[in-house]
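Participant: Sharing a structure below in C-alpha cells format, with a few things to ask.
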Amino acid sequence: MACLSTPVKPIAPTKPSLDVIQMEDGSMCMDAQDAENLGIYILELERATY
C-alpha cells in the first residue's frame, strides 16, 4: 500500500492597515490596537513556512 500526500502551501496572513505616526528621529508611534494587530501579524508570519 502506498500513500501520497500533497504539501499544503500556507496562506500568508492579511497585512494589517495601521495608523502610524512617523517621528523625526525615525521611530514610529501607534495606538495599542494597532500595536496588537502588528504583533499578531508578525506571529502569524513566523508560524508559516513558505
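Residue numbering restarts at 1 for every chain of the C-alpha cells, chains are lettered A, B, ... in their displayed order, and ligands are numbered from 1 as they appear.
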Please return as an MDAnalysis selection string: the residues of chain A that backbone DSSP assigns to strand (DSSP E).

Facilitator: chainID A and resid 21:22 28:29

Participant: Based on the backbone DSSP call, show me all residues of chain A assigned alpha helix (DSSP H), as a list in words.

Facilitator: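 Put together, the selection reads Ala32, Gln33, Asp34, Ala35, Glu36, Asn37, Leu38, Gly39, Ile40, Tyr41, Ile42, Leu43, Glu44, Leu45, Glu46 and Arg47 of chain A.
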
Participant: Go ahead and save the picked residues with C-alpha atoms, as a compact mmCIF listing (two decimals), in the first residue's frame.

Facilitator:
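Ended up saving to again-v4.txt:
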# COMPACT_ATOMS: atom_id res chain seq x y z
CA ALA A 32 -2.48 49.96 21.44
CA GLN A 33 -4.90 48.30 18.98
CA ASP A 34 -2.55 48.83 16.02
CA ALA A 35 0.38 47.52 18.10
CA GLU A 36 -1.63 44.40 18.96
CA ASN A 37 -2.63 43.87 15.31
CA LEU A 38 1.01 44.22 14.24
CA GLY A 39 2.12 41.73 16.88
CA ILE A 40 -0.48 39.18 15.79
CA TYR A 41 0.57 39.64 12.15
CA ILE A 42 4.24 39.06 13.00
CA LEU A 43 3.41 35.91 14.99
CA GLU A 44 1.32 34.56 12.11
CA LEU A 45 4.20 35.19 9.69
CA GLU A 46 6.61 33.35 11.99
CA ARG A 47 4.29 30.33 12.22

Participant: Excluding Asp19 of chain A and residues on its chain fewer than 2 positions from it, collect all residues at most 10 Å away from it, counting only C-alpha atoms, and give them as an mmCIF file with N, CA and C atoms, in the first residue's frame.

Facilitator:
data_model
loop_
_atom_site.group_PDB
_atom_site.id
_atom_site.type_symbol
_atom_site.label_atom_id
_atom_site.label_comp_id
_atom_site.auth_asym_id
_atom_site.auth_seq_id
_atom_site.Cartn_x
_atom_site.Cartn_y
_atom_site.Cartn_z
ATOM 1 N N PRO A 16 -2.066 43.950 8.226
ATOM 2 C CA PRO A 16 -2.996 44.904 8.844
ATOM 3 C C PRO A 16 -2.766 46.325 8.328
ATOM 4 N N SER A 17 -3.825 47.082 8.301
ATOM 5 C CA SER A 17 -3.734 48.500 7.962
ATOM 6 C C SER A 17 -3.512 49.259 9.277
ATOM 7 N N ILE A 21 2.319 57.048 13.163
ATOM 8 C CA ILE A 21 2.885 58.396 13.121
ATOM 9 C C ILE A 21 4.403 58.249 13.084
ATOM 10 N N GLN A 22 5.006 58.755 12.022
ATOM 11 C CA GLN A 22 6.465 58.706 11.870
ATOM 12 C C GLN A 22 7.077 59.887 12.613
ATOM 13 N N CYS A 29 5.075 55.729 16.146
ATOM 14 C CA CYS A 29 4.110 55.646 17.237
ATOM 15 C C CYS A 29 2.788 55.140 16.674
ATOM 16 N N MET A 30 2.109 54.306 17.481
ATOM 17 C CA MET A 30 0.792 53.802 17.095
ATOM 18 C C MET A 30 0.002 53.531 18.363
ATOM 19 N N ASP A 31 -1.306 53.418 18.206
ATOM 20 C CA ASP A 31 -2.121 53.146 19.385
ATOM 21 C C ASP A 31 -2.031 51.670 19.759
ATOM 22 N N GLN A 33 -4.233 49.254 19.882
ATOM 23 C CA GLN A 33 -4.901 48.300 18.985
ATOM 24 C C GLN A 33 -4.034 48.010 17.762
ATOM 25 N N ASP A 34 -3.427 49.050 17.171
ATOM 26 C CA ASP A 34 -2.550 48.828 16.023
ATOM 27 C C ASP A 34 -1.312 48.028 16.427
ATOM 28 N N ALA A 35 -0.772 48.281 17.618
ATOM 29 C CA ALA A 35 0.381 47.520 18.102
ATOM 30 C C ALA A 35 0.012 46.045 18.269
#

Participant: Please measure the separation of atom CA of Gly26 of chain A and atom CA of Thr14 of chain A, giving the value in Å to one decimal.

Facilitator: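 The value is 25.4 Å.
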